[in-house]
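File shown: final-v6.cif. Contents: mmCIF, C-alpha atoms.
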```cif
data_final
#
loop_
_atom_site.group_PDB
_atom_site.id
_atom_site.type_symbol
_atom_site.label_atom_id
_atom_site.label_comp_id
_atom_site.auth_asym_id
_atom_site.auth_seq_id
_atom_site.Cartn_x
_atom_site.Cartn_y
_atom_site.Cartn_z
ATOM 1 C CA MET A 1 0.000 0.000 0.000
ATOM 2 C CA LEU A 2 2.701 2.416 1.064
ATOM 3 C CA SER A 3 5.009 1.389 -1.797
ATOM 4 C CA ALA A 4 2.172 1.932 -4.271
ATOM 5 C CA TYR A 5 1.679 5.400 -2.825
ATOM 6 C CA ILE A 6 5.401 6.186 -3.136
ATOM 7 C CA VAL A 7 5.513 4.888 -6.732
ATOM 8 C CA GLY A 8 2.445 6.982 -7.472
ATOM 9 C CA MET A 9 4.152 10.080 -6.100
ATOM 10 C CA GLY A 10 7.189 9.378 -8.284
ATOM 11 C CA GLU A 11 5.028 9.200 -11.400
ATOM 12 C CA LEU A 12 3.122 12.392 -10.697
ATOM 13 C CA LEU A 13 4.227 15.139 -13.065
ATOM 14 C CA GLY A 14 6.101 18.123 -11.682
ATOM 15 C CA THR A 15 4.860 21.660 -12.360
ATOM 16 C CA PHE A 16 7.497 22.394 -14.985
ATOM 17 C CA GLU A 17 6.883 19.052 -16.675
ATOM 18 C CA GLN A 18 3.194 19.934 -16.921
ATOM 19 C CA ILE A 19 4.060 23.359 -18.373
ATOM 20 C CA VAL A 20 6.326 21.783 -20.997
ATOM 21 C CA LEU A 21 3.742 19.139 -21.959
ATOM 22 C CA LEU A 22 1.023 21.785 -22.247
ATOM 23 C CA ALA A 23 3.298 23.969 -24.388
ATOM 24 C CA VAL A 24 3.912 20.998 -26.706
ATOM 25 C CA ILE A 25 0.169 20.397 -26.992
ATOM 26 C CA ARG A 26 -0.551 24.096 -27.636
ATOM 27 C CA GLN A 27 2.070 24.231 -30.400
ATOM 28 C CA GLY A 28 0.525 21.234 -32.183
ATOM 29 C CA ASP A 29 2.440 20.306 -35.332
ATOM 30 C CA ASP A 30 4.937 23.163 -34.808
ATOM 31 C CA ALA A 31 6.187 21.946 -31.451
ATOM 32 C CA TYR A 32 9.960 22.166 -31.820
ATOM 33 C CA GLY A 33 12.438 23.474 -29.221
ATOM 34 C CA ARG A 34 12.361 27.172 -30.122
ATOM 35 C CA ALA A 35 8.558 27.321 -30.385
ATOM 36 C CA ILE A 36 8.146 25.488 -27.064
ATOM 37 C CA LEU A 37 10.611 27.859 -25.361
ATOM 38 C CA ARG A 38 8.715 30.910 -26.713
ATOM 39 C CA GLU A 39 5.364 29.461 -25.663
ATOM 40 C CA ILE A 40 6.624 28.909 -22.115
ATOM 41 C CA GLU A 41 8.180 32.393 -21.948
ATOM 42 C CA GLN A 42 4.877 33.948 -23.011
ATOM 43 C CA ALA A 43 2.925 31.806 -20.569
ATOM 44 C CA CYS A 44 5.220 32.787 -17.686
ATOM 45 C CA SER A 45 4.154 36.450 -17.946
ATOM 46 C CA GLY A 46 6.454 37.134 -20.902
ATOM 47 C CA SER A 47 8.989 39.053 -18.861
ATOM 48 C CA ARG A 48 10.933 36.165 -17.394
ATOM 49 C CA THR A 49 13.818 34.568 -19.238
ATOM 50 C CA ILE A 50 13.259 30.839 -19.192
ATOM 51 C CA ALA A 51 16.457 28.779 -19.061
ATOM 52 C CA ALA A 52 16.639 26.842 -22.305
ATOM 53 C CA GLY A 53 18.803 24.246 -20.553
ATOM 54 C CA ALA A 54 15.949 23.462 -18.158
ATOM 55 C CA VAL A 55 13.414 23.178 -20.991
ATOM 56 C CA TYR A 56 15.554 20.805 -23.071
ATOM 57 C CA ALA A 57 16.435 18.733 -19.999
ATOM 58 C CA THR A 58 12.702 18.401 -19.241
ATOM 59 C CA LEU A 59 11.910 17.496 -22.856
ATOM 60 C CA ASP A 60 14.577 14.771 -22.756
ATOM 61 C CA ARG A 61 13.288 13.465 -19.425
ATOM 62 C CA LEU A 62 9.685 13.361 -20.654
ATOM 63 C CA GLU A 63 10.806 11.580 -23.803
ATOM 64 C CA ALA A 64 12.742 9.040 -21.721
ATOM 65 C CA LYS A 65 9.584 8.452 -19.656
ATOM 66 C CA GLY A 66 7.649 7.799 -22.849
ATOM 67 C CA LEU A 67 5.377 10.833 -22.388
ATOM 68 C CA LEU A 68 6.735 12.510 -25.528
ATOM 69 C CA VAL A 69 8.106 11.334 -28.856
ATOM 70 C CA SER A 70 10.329 13.337 -31.168
ATOM 71 C CA LYS A 71 11.139 13.384 -34.857
ATOM 72 C CA LEU A 72 13.855 15.239 -36.791
ATOM 73 C CA ARG A 73 12.937 17.438 -39.713
ATOM 74 C CA ALA A 74 14.993 19.541 -42.114
ATOM 75 C CA GLY A 75 16.273 22.951 -40.983
ATOM 76 C CA THR A 76 15.713 26.398 -42.476
ATOM 77 C CA PRO A 77 18.234 29.008 -43.721
ATOM 78 C CA GLU A 78 17.707 31.297 -40.671
ATOM 79 C CA ARG A 79 19.028 28.523 -38.435
ATOM 80 C CA GLY A 80 21.974 27.725 -40.660
ATOM 81 C CA GLY A 81 20.241 24.666 -42.126
ATOM 82 C CA ARG A 82 20.375 22.896 -38.757
ATOM 83 C CA LYS A 83 17.675 20.264 -38.277
ATOM 84 C CA ARG A 84 14.651 20.770 -36.004
ATOM 85 C CA ARG A 85 13.435 18.230 -33.446
ATOM 86 C CA PHE A 86 9.620 18.186 -33.304
ATOM 87 C CA TYR A 87 7.839 16.798 -30.261
ATOM 88 C CA ARG A 88 4.443 15.152 -29.863
ATOM 89 C CA VAL A 89 2.657 14.121 -26.676
ATOM 90 C CA THR A 90 1.959 10.368 -26.443
ATOM 91 C CA ALA A 91 -1.169 8.740 -25.033
ATOM 92 C CA GLY A 92 0.779 8.138 -21.819
ATOM 93 C CA GLY A 93 1.723 11.820 -21.665
ATOM 94 C CA SER A 94 -1.880 12.862 -22.143
ATOM 95 C CA ARG A 95 -2.967 10.454 -19.393
ATOM 96 C CA ALA A 96 -0.252 11.703 -17.017
ATOM 97 C CA LEU A 97 -1.376 15.299 -17.608
ATOM 98 C CA ALA A 98 -5.001 14.397 -16.947
ATOM 99 C CA GLU A 99 -4.031 12.618 -13.704
ATOM 100 C CA ALA A 100 -1.966 15.587 -12.546
ATOM 101 C CA ARG A 101 -4.842 17.958 -13.294
ATOM 102 C CA CYS A 102 -7.325 15.712 -11.529
ATOM 103 C CA THR A 103 -5.130 15.506 -8.420
ATOM 104 C CA LEU A 104 -4.597 19.253 -8.294
ATOM 105 C CA GLU A 105 -8.251 20.061 -8.954
ATOM 106 C CA SER A 106 -9.471 17.765 -6.222
ATOM 107 C CA LEU A 107 -7.095 19.479 -3.799
ATOM 108 C CA TRP A 108 -8.018 22.984 -4.973
ATOM 109 C CA ASN A 109 -11.729 22.218 -4.806
ATOM 110 C CA SER A 110 -11.394 21.259 -1.165
ATOM 111 C CA ILE A 111 -9.860 24.624 -0.274
ATOM 112 C CA ARG A 112 -11.915 27.708 0.478
ATOM 113 C CA TRP A 113 -10.722 30.801 -1.366
ATOM 114 C CA PRO A 114 -9.173 33.154 -0.347
ATOM 115 C CA ILE A 115 -6.921 31.094 1.916
ATOM 116 C CA GLU A 116 -7.079 32.227 5.533
ATOM 117 C CA VAL A 117 -3.625 32.665 7.002
ATOM 118 C CA ARG A 118 -3.366 32.697 10.769
ATOM 119 C CA SER A 119 -0.578 34.887 12.040
ATOM 120 C CA MET B 1 30.629 35.150 -40.923
ATOM 121 C CA LYS B 2 27.180 36.776 -41.070
ATOM 122 C CA ARG B 3 26.762 40.094 -39.247
ATOM 123 C CA SER B 4 23.811 38.673 -37.313
ATOM 124 C CA ALA B 5 25.763 35.651 -36.101
ATOM 125 C CA PRO B 6 26.449 35.364 -32.362
ATOM 126 C CA PRO B 7 30.017 35.767 -31.036
ATOM 127 C CA ALA B 8 32.183 32.821 -32.042
ATOM 128 C CA LEU B 9 33.261 32.146 -28.446
ATOM 129 C CA LEU B 10 29.646 31.808 -27.279
ATOM 130 C CA GLN B 11 28.854 29.444 -30.139
ATOM 131 C CA HIS B 12 31.962 27.433 -29.338
ATOM 132 C CA VAL B 13 31.070 27.103 -25.636
ATOM 133 C CA LEU B 14 27.435 26.242 -26.443
ATOM 134 C CA LEU B 15 28.413 23.489 -28.863
ATOM 135 C CA ALA B 16 31.000 22.195 -26.411
ATOM 136 C CA LEU B 17 28.364 21.917 -23.659
ATOM 137 C CA LEU B 18 25.729 20.122 -25.742
ATOM 138 C CA SER B 19 25.532 16.368 -26.087
ATOM 139 C CA PRO B 20 26.118 14.981 -29.605
ATOM 140 C CA ARG B 21 22.371 14.302 -29.920
ATOM 141 C CA ASP B 22 21.444 17.948 -29.238
ATOM 142 C CA GLN B 23 24.263 19.768 -30.986
ATOM 143 C CA GLU B 24 22.486 20.386 -34.257
ATOM 144 C CA THR B 25 18.898 20.868 -33.110
ATOM 145 C CA VAL B 26 19.400 22.890 -29.916
ATOM 146 C CA ALA B 27 22.115 25.096 -31.427
ATOM 147 C CA GLY B 28 19.761 25.742 -34.376
ATOM 148 C CA ASP B 29 16.874 26.653 -32.047
ATOM 149 C CA LEU B 30 19.006 29.100 -30.094
ATOM 150 C CA LEU B 31 20.512 30.590 -33.251
ATOM 151 C CA GLU B 32 16.994 31.210 -34.529
ATOM 152 C CA ALA B 33 15.939 32.834 -31.256
ATOM 153 C CA TYR B 34 19.156 34.863 -31.141
ATOM 154 C CA ALA B 35 18.532 36.321 -34.613
ATOM 155 C CA GLU B 36 15.006 37.311 -33.568
ATOM 156 C CA ARG B 37 16.202 38.933 -30.331
ATOM 157 C CA ARG B 38 19.072 40.707 -32.029
ATOM 158 C CA GLY B 39 16.683 42.308 -34.502
ATOM 159 C CA ARG B 40 14.315 43.341 -31.687
ATOM 160 C CA ASP B 41 16.603 44.195 -28.728
ATOM 161 C CA GLY B 42 20.028 44.860 -30.279
ATOM 162 C CA ALA B 43 23.292 42.955 -30.276
ATOM 163 C CA LEU B 44 24.282 43.606 -26.659
ATOM 164 C CA ARG B 45 21.054 42.292 -25.105
ATOM 165 C CA ALA B 46 20.898 39.388 -27.533
ATOM 166 C CA ASN B 47 24.478 38.422 -26.638
ATOM 167 C CA ALA B 48 23.664 38.646 -22.923
ATOM 168 C CA TRP B 49 20.581 36.455 -23.479
ATOM 169 C CA LEU B 50 22.597 33.857 -25.393
ATOM 170 C CA ALA B 51 25.322 33.874 -22.717
ATOM 171 C CA LEU B 52 22.670 33.176 -20.037
ATOM 172 C CA GLN B 53 21.082 30.436 -22.123
ATOM 173 C CA THR B 54 24.484 28.876 -22.797
ATOM 174 C CA ALA B 55 25.249 28.912 -19.071
ATOM 175 C CA SER B 56 21.924 27.158 -18.407
ATOM 176 C CA PHE B 57 23.280 24.048 -20.158
ATOM 177 C CA ALA B 58 26.362 23.912 -17.910
ATOM 178 C CA PRO B 59 24.841 22.167 -14.823
ATOM 179 C CA ARG B 60 23.454 19.285 -16.863
ATOM 180 C CA ALA B 61 26.633 18.938 -18.917
ATOM 181 C CA ALA B 62 28.700 18.947 -15.714
ATOM 182 C CA MET B 63 26.476 16.376 -13.983
ATOM 183 C CA THR B 64 26.610 14.072 -17.012
ATOM 184 C CA ALA B 65 30.358 14.427 -17.498
ATOM 185 C CA TYR B 66 31.204 14.031 -13.807
ATOM 186 C CA GLY B 67 28.849 11.064 -13.582
ATOM 187 C CA GLU B 68 30.701 9.391 -16.453
ATOM 188 C CA ALA B 69 34.088 9.887 -14.737
ATOM 189 C CA PRO B 70 33.429 9.901 -10.982
ATOM 190 C CA GLY B 71 36.941 8.666 -10.083
ATOM 191 C CA LEU B 72 38.716 11.375 -12.050
ATOM 192 C CA THR B 73 36.306 14.036 -10.754
ATOM 193 C CA GLY B 74 36.862 13.038 -7.126
ATOM 194 C CA LEU B 75 40.600 12.821 -7.632
ATOM 195 C CA CYS B 76 40.748 16.289 -9.230
ATOM 196 C CA CYS B 77 38.792 17.782 -6.312
ATOM 197 C CA PHE B 78 41.155 16.111 -3.848
ATOM 198 C CA THR B 79 44.388 17.104 -5.621
ATOM 199 C CA ALA B 80 43.096 20.679 -6.049
ATOM 200 C CA ALA B 81 42.561 20.822 -2.281
ATOM 201 C CA CYS B 82 46.026 19.280 -1.738
ATOM 202 C CA GLY B 83 47.602 21.861 -4.050
ATOM 203 C CA CYS B 84 45.917 24.709 -2.162
ATOM 204 C CA TRP B 85 47.100 23.243 1.126
ATOM 205 C CA LEU B 86 50.691 22.808 -0.124
ATOM 206 C CA GLY B 87 50.761 26.379 -1.478
ATOM 207 C CA THR B 88 49.375 27.828 1.753
ATOM 208 C CA MET B 89 51.773 25.852 3.953
ATOM 209 C CA ASP B 90 54.748 26.957 1.836
ATOM 210 C CA ILE B 91 53.779 30.580 2.404
ATOM 211 C CA LEU B 92 53.031 30.140 6.112
ATOM 212 C CA LEU B 93 56.238 28.195 6.832
ATOM 213 C CA HIS B 94 58.411 30.594 4.770
ATOM 214 C CA HIS B 95 60.018 27.785 2.791
ATOM 215 C CA HIS B 96 63.129 28.691 0.857
ATOM 216 C CA ASN B 97 62.787 28.541 -2.926
ATOM 217 C CA LEU B 98 59.207 29.719 -2.485
ATOM 218 C CA LEU B 99 58.586 30.491 -6.158
ATOM 219 C CA TYR B 100 59.487 26.913 -7.144
ATOM 220 C CA HIS B 101 57.209 25.405 -4.503
ATOM 221 C CA GLU B 102 54.345 27.755 -5.391
ATOM 222 C CA SER B 103 54.730 26.829 -9.070
ATOM 223 C CA ILE B 104 54.355 23.162 -8.176
ATOM 224 C CA ALA B 105 51.247 23.879 -6.083
ATOM 225 C CA GLY B 106 49.892 26.046 -8.921
ATOM 226 C CA LEU B 107 50.469 23.255 -11.432
ATOM 227 C CA ILE B 108 48.589 20.753 -9.255
ATOM 228 C CA VAL B 109 45.624 23.105 -8.703
ATOM 229 C CA GLY B 110 45.636 24.353 -12.297
ATOM 230 C CA GLN B 111 45.615 20.863 -13.814
ATOM 231 C CA ALA B 112 42.814 19.717 -11.487
ATOM 232 C CA LEU B 113 40.640 22.744 -12.361
ATOM 233 C CA LEU B 114 41.463 22.456 -16.067
ATOM 234 C CA THR B 115 40.357 18.817 -16.060
ATOM 235 C CA LEU B 116 37.133 19.688 -14.204
ATOM 236 C CA VAL B 117 36.360 22.360 -16.838
ATOM 237 C CA MET B 118 37.419 20.173 -19.766
ATOM 238 C CA LEU B 119 35.149 17.253 -18.833
ATOM 239 C CA PRO B 120 31.770 19.000 -19.458
ATOM 240 C CA LEU B 121 33.041 20.982 -22.478
ATOM 241 C CA ARG B 122 32.975 17.961 -24.736
ATOM 242 C CA ARG B 123 33.975 19.494 -28.025
ATOM 243 C CA SER B 124 36.716 21.889 -26.994
ATOM 244 C CA ALA B 125 39.886 20.588 -28.672
ATOM 245 C CA LEU B 126 41.956 23.360 -27.089
ATOM 246 C CA LEU B 127 40.990 22.283 -23.558
ATOM 247 C CA ARG B 128 41.565 18.630 -24.447
ATOM 248 C CA TRP B 129 45.107 19.371 -25.628
ATOM 249 C CA ALA B 130 45.818 21.537 -22.589
ATOM 250 C CA ALA B 131 44.547 18.789 -20.256
ATOM 251 C CA ALA B 132 46.623 16.189 -22.109
ATOM 252 C CA LEU B 133 49.785 18.293 -21.720
ATOM 253 C CA GLY B 134 48.924 19.029 -18.094
ATOM 254 C CA ALA B 135 48.551 15.296 -17.486
ATOM 255 C CA VAL B 136 52.094 14.776 -18.798
ATOM 256 C CA ALA B 137 53.316 17.513 -16.427
ATOM 257 C CA ILE B 138 51.667 16.019 -13.310
ATOM 258 C CA LEU B 139 52.804 12.538 -14.341
ATOM 259 C CA TRP B 140 56.368 13.839 -14.422
ATOM 260 C CA LEU B 141 55.850 15.706 -11.143
ATOM 261 C CA GLY B 142 54.287 12.769 -9.298
ATOM 262 C CA GLY B 143 56.591 10.179 -10.875
ATOM 263 C CA SER B 144 59.796 12.087 -10.112
ATOM 264 C CA ALA B 145 58.671 12.708 -6.511
ATOM 265 C CA LEU B 146 57.926 8.993 -6.078
ATOM 266 C CA VAL B 147 61.241 7.889 -7.616
ATOM 267 C CA SER B 148 63.193 10.458 -5.602
ATOM 268 C CA MET B 149 61.552 9.320 -2.368
ATOM 269 C CA LEU B 150 61.967 5.606 -3.079
ATOM 270 C CA ARG B 151 65.670 6.155 -3.865
ATOM 271 C CA GLY B 152 66.041 7.884 -0.518
ATOM 272 C CA ASN B 153 67.077 11.261 -1.981
ATOM 273 C CA HIS B 154 64.501 12.996 0.244
ATOM 274 C CA SER B 155 63.305 12.411 3.764
ATOM 275 C CA TRP B 156 60.332 10.023 3.902
ATOM 276 C CA GLU B 157 57.151 12.073 4.076
ATOM 277 C CA GLY B 158 53.903 10.188 3.855
ATOM 278 C CA TYR B 159 51.756 13.039 2.564
ATOM 279 C CA ILE B 160 54.113 13.673 -0.385
ATOM 280 C CA LEU B 161 54.064 9.978 -1.222
ATOM 281 C CA ILE B 162 50.241 9.983 -1.237
ATOM 282 C CA ILE B 163 49.924 13.171 -3.306
ATOM 283 C CA ALA B 164 52.573 11.976 -5.776
ATOM 284 C CA ALA B 165 50.840 8.612 -6.210
ATOM 285 C CA LEU B 166 47.470 10.323 -6.692
ATOM 286 C CA LEU B 167 48.943 12.654 -9.317
ATOM 287 C CA VAL B 168 50.196 9.641 -11.287
ATOM 288 C CA VAL B 169 46.735 8.027 -11.075
ATOM 289 C CA GLN B 170 45.071 11.350 -12.047
ATOM 290 C CA ALA B 171 47.322 11.618 -15.117
ATOM 291 C CA ALA B 172 46.441 8.060 -16.144
ATOM 292 C CA LEU B 173 42.691 8.655 -15.652
ATOM 293 C CA THR B 174 42.867 11.939 -17.599
ATOM 294 C CA TRP B 175 44.497 10.174 -20.533
ATOM 295 C CA ARG B 176 41.908 7.409 -20.314
ATOM 296 C CA ALA B 177 39.043 9.931 -20.350
ATOM 297 C CA LEU B 178 40.589 11.767 -23.311
ATOM 298 C CA LEU B 179 41.097 8.522 -25.216
ATOM 299 C CA ARG B 180 37.522 7.406 -24.572
ATOM 300 C CA ARG B 181 36.247 10.768 -25.776
ATOM 301 C CA GLN B 182 38.412 10.536 -28.874
ATOM 302 C CA LEU B 183 37.131 7.031 -29.624
ATOM 303 C CA ALA B 184 33.507 8.090 -29.027
ATOM 304 C CA SER B 185 33.788 11.043 -31.410
ATOM 305 C CA ALA B 186 35.506 8.865 -34.042
#
```
Take the structure in this file and express it as structure tokens.
Amino acid sequence: MLSAYIVGMGELLGTFEQIVLLAVIRQGDDAYGRAILREIEQACSGSRTIAAGAVYATLDRLEAKGLLVSKLRAGTPERGGRKRRFYRVTAGGSRALAEARCTLESLWNSIRWPIEVRS
Amino acid sequence: MKRSAPPALLQHVLLALLSPRDQETVAGDLLEAYAERRGRDGALRANAWLALQTASFAPRAAMTAYGEAPGLTGLCCFTAACGCWLGTMDILLHHHNLLYHESIAGLIVGQALLTLVMLPLRRSALLRWAAALGAVAILWLGGSALVSMLRGNHSWEGYILIIAALLVVQAALTWRALLRRQLASA
């Protein structure tokens, strides 16, 4: 019982992982690194510089978990002909996002807003 | 080189930090974003942005590289600390021939730090060559200290024996890491 709970906690998506997965979904067929980075920057109020290293590390981790798949496509002249890696959310990724949302919503729904803070 | 291209040094460091799988795609993404920012914000701000983004790849590159060579990483940290200690003690104890002793301590610390920087910067040939030459230097340093002590030319001092032996092992591990990297890239 306890081990199942711990495994479940390990599989729950982190906040940044959810943001990256949602950015991939929002970008649709154009979900490559640059577009995902821009989407996240705009989502995070537009003024913050998002560390590209963190985004690519998360993309790699999600791909290793089987929540994303990627495919290489030809590059364009403005990027020196370098190839683009396009990402797509898998069924497992979609399920993990839904579970994370469900968990958060059930917790949020049980909280009265605004939160009372006792000093 | 195009006028809108980022500084060569930044590009070099970025490519050196990226894994072979990401070198083409990630560098292309950032180049694309850089061109957009340079047109919008100017060269200075775009360069600062690219420098920050390049630095953001350093922790992962370091963790991967140090994870692949934990023995060499640990050894470099230890010999760097030993070098600092030797240098400090030479100053505090007012040893004669201070410049010579400080140079030796500097070589030990310098080679350890150089190796720790070289490991995550995968593609930097300059750092690889410098680390290879440095490994020869510490091999000579450690080897000659060991031989001199075993022949009885110097008084028997355990800490010198240990540091000398570790420098020989560090040189061997550095060469091994460089060879493995060379074979992997080939």
Could you produce a table of the residues of chain A lying within 10 Å of chain B, with the nearest pair of atoms per residue and their separation in Å rounded to one decimal, using all atoms listed in the file, ordered by chain and increasing residue number, as CSV?
```
residue,atom,partner,partner_atom,distance
A:Tyr32,CA,B:Asp29,CA,8.2
A:Gly33,CA,B:Asp29,CA,6.1
A:Arg34,CA,B:Asp29,CA,4.9
A:Ala35,CA,B:Asp29,CA,8.5
A:Leu37,CA,B:Asp29,CA,9.2
A:Arg38,CA,B:Ala33,CA,8.7
A:Thr49,CA,B:Trp49,CA,8.2
A:Ile50,CA,B:Gln53,CA,8.4
A:Ala51,CA,B:Ser56,CA,5.7
A:Ala52,CA,B:Gln53,CA,5.7
A:Gly53,CA,B:Phe57,CA,4.5
A:Ala54,CA,B:Ser56,CA,7.0
A:Val55,CA,B:Ser56,CA,9.7
A:Tyr56,CA,B:Val26,CA,8.1
A:Ala57,CA,B:Arg60,CA,7.7
A:Asp60,CA,B:Asp22,CA,10.0
A:Leu72,CA,B:Thr25,CA,8.4
A:Arg73,CA,B:Thr25,CA,9.5
A:Ala74,CA,B:Thr25,CA,9.9
A:Gly75,CA,B:Gly28,CA,8.0
A:Thr76,CA,B:Gly28,CA,9.1
A:Pro77,CA,B:Glu32,CA,9.5
A:Glu78,CA,B:Glu32,CA,6.2
A:Arg79,CA,B:Gly28,CA,5.0
A:Gly80,CA,B:Gly28,CA,7.0
A:Gly81,CA,B:Gly28,CA,7.8
A:Arg82,CA,B:Gly28,CA,5.3
A:Lys83,CA,B:Thr25,CA,5.3
A:Arg84,CA,B:Thr25,CA,5.1
A:Arg85,CA,B:Thr25,CA,6.1
A:Phe86,CA,B:Thr25,CA,9.7
```
- Take the PyMOL selection byres ((chain A and resi 68-71) around 6), apply it to the structure above, and return the hits as JSON, numbers by chain. {"A": [62, 63, 66, 67, 72, 85, 86, 87, 88, 89, 90]}
- Note on the structure: From CA of Ala8 (chain B) to CA of Gly42 (chain B) the spacing works out at 17.2 Å
- Item | Atom pair CA of Ala135 (chain B) / CA of Gly74 (chain B): separation (Å) | 15.8 Å
Please write out, as lines of an AutoDock Vina configuration file, where the centre of an axis-aligned box around all listed atoms of region 166-183 of chain B lies and how long its edges are, in Å to one decimal, after adding 8 Å on each side.
```
center_x = 43.2
center_y = 9.8
center_z = -18.2
size_x = 29.9
size_y = 21.6
size_z = 38.9
```
- Please indicate the distance in Å from CA of Leu116 (chain B) to CA of Leu146 (chain B), rounded to one decimal place. 24.8 Å
- Task: Would you list the residues near (7.5, 19.2, -14.6), meaning any protein, DNA or RNA residue with an atom at most 10 Å from that point in file coordinates, counting only C-alpha atoms, as a ChimeraX atom specification?
- Result: /A:12-21,55,58-59,61-62
Determine, counting all atoms listed in the file, which protein, DNA and RNA residues have an atom within 12 Å of an atom of Leu119 (chain B); residues of the same chain fewer than 6 positions away are not included. Present the result as an mmCIF file with C-alpha atoms, in the coordinates of the input.
```
data_model
loop_
_atom_site.group_PDB
_atom_site.id
_atom_site.type_symbol
_atom_site.label_atom_id
_atom_site.label_comp_id
_atom_site.auth_asym_id
_atom_site.auth_seq_id
_atom_site.Cartn_x
_atom_site.Cartn_y
_atom_site.Cartn_z
ATOM 1 C CA ALA B 16 31.000 22.195 -26.411
ATOM 2 C CA LEU B 17 28.364 21.917 -23.659
ATOM 3 C CA ALA B 58 26.362 23.912 -17.910
ATOM 4 C CA ALA B 61 26.633 18.938 -18.917
ATOM 5 C CA ALA B 62 28.700 18.947 -15.714
ATOM 6 C CA MET B 63 26.476 16.376 -13.983
ATOM 7 C CA THR B 64 26.610 14.072 -17.012
ATOM 8 C CA ALA B 65 30.358 14.427 -17.498
ATOM 9 C CA TYR B 66 31.204 14.031 -13.807
ATOM 10 C CA GLY B 67 28.849 11.064 -13.582
ATOM 11 C CA GLU B 68 30.701 9.391 -16.453
ATOM 12 C CA ALA B 69 34.088 9.887 -14.737
ATOM 13 C CA PRO B 70 33.429 9.901 -10.982
ATOM 14 C CA LEU B 72 38.716 11.375 -12.050
ATOM 15 C CA THR B 73 36.306 14.036 -10.754
ATOM 16 C CA CYS B 76 40.748 16.289 -9.230
ATOM 17 C CA ALA B 112 42.814 19.717 -11.487
ATOM 18 C CA LEU B 113 40.640 22.744 -12.361
ATOM 19 C CA ALA B 125 39.886 20.588 -28.672
ATOM 20 C CA LEU B 127 40.990 22.283 -23.558
ATOM 21 C CA ARG B 128 41.565 18.630 -24.447
ATOM 22 C CA ALA B 131 44.547 18.789 -20.256
ATOM 23 C CA ALA B 132 46.623 16.189 -22.109
ATOM 24 C CA LEU B 173 42.691 8.655 -15.652
ATOM 25 C CA THR B 174 42.867 11.939 -17.599
ATOM 26 C CA TRP B 175 44.497 10.174 -20.533
ATOM 27 C CA ALA B 177 39.043 9.931 -20.350
ATOM 28 C CA LEU B 178 40.589 11.767 -23.311
ATOM 29 C CA ARG B 180 37.522 7.406 -24.572
ATOM 30 C CA ARG B 181 36.247 10.768 -25.776
#
```
- 10 Å contact set for Pro7 (chain B), all atoms listed in the file, chain neighbours under 2 positions out, as a PyMOL selection string: chain B and resi 1+3-5+9-12+43+47+50-51
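On the file presented, the PyMOL selection byres ((chain B and resi 143) around 12) picks out Ala135, Val136, Ala137, Ile138, Leu139, Trp140, Leu141, Gly142, Ser144, Ala145, Leu146, Val147, Ser148, Met149, Leu150, Ile160, Leu161, Ile162, Ile163, Ala164, Ala165, Leu166, Leu167, Val168, Val169, Gln170, Ala171 and Ala172 of chain B.
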- Item | Selection result of the PyMOL selection byres ((chain B and resi 87) around 8) on this file, as a list in words | Gly83, Cys84, Trp85, Leu86, Thr88, Met89, Asp90, Ile91, His101, Glu102, Ala105 and Gly106 of chain B
- Message: Please determine, counting all atoms listed in the file, which residue among B:Ala81, B:Leu75, B:Leu99, B:Leu92 has the shortest atom-to-atom distance to Thr115 (chain B).
- Response: B:Leu75
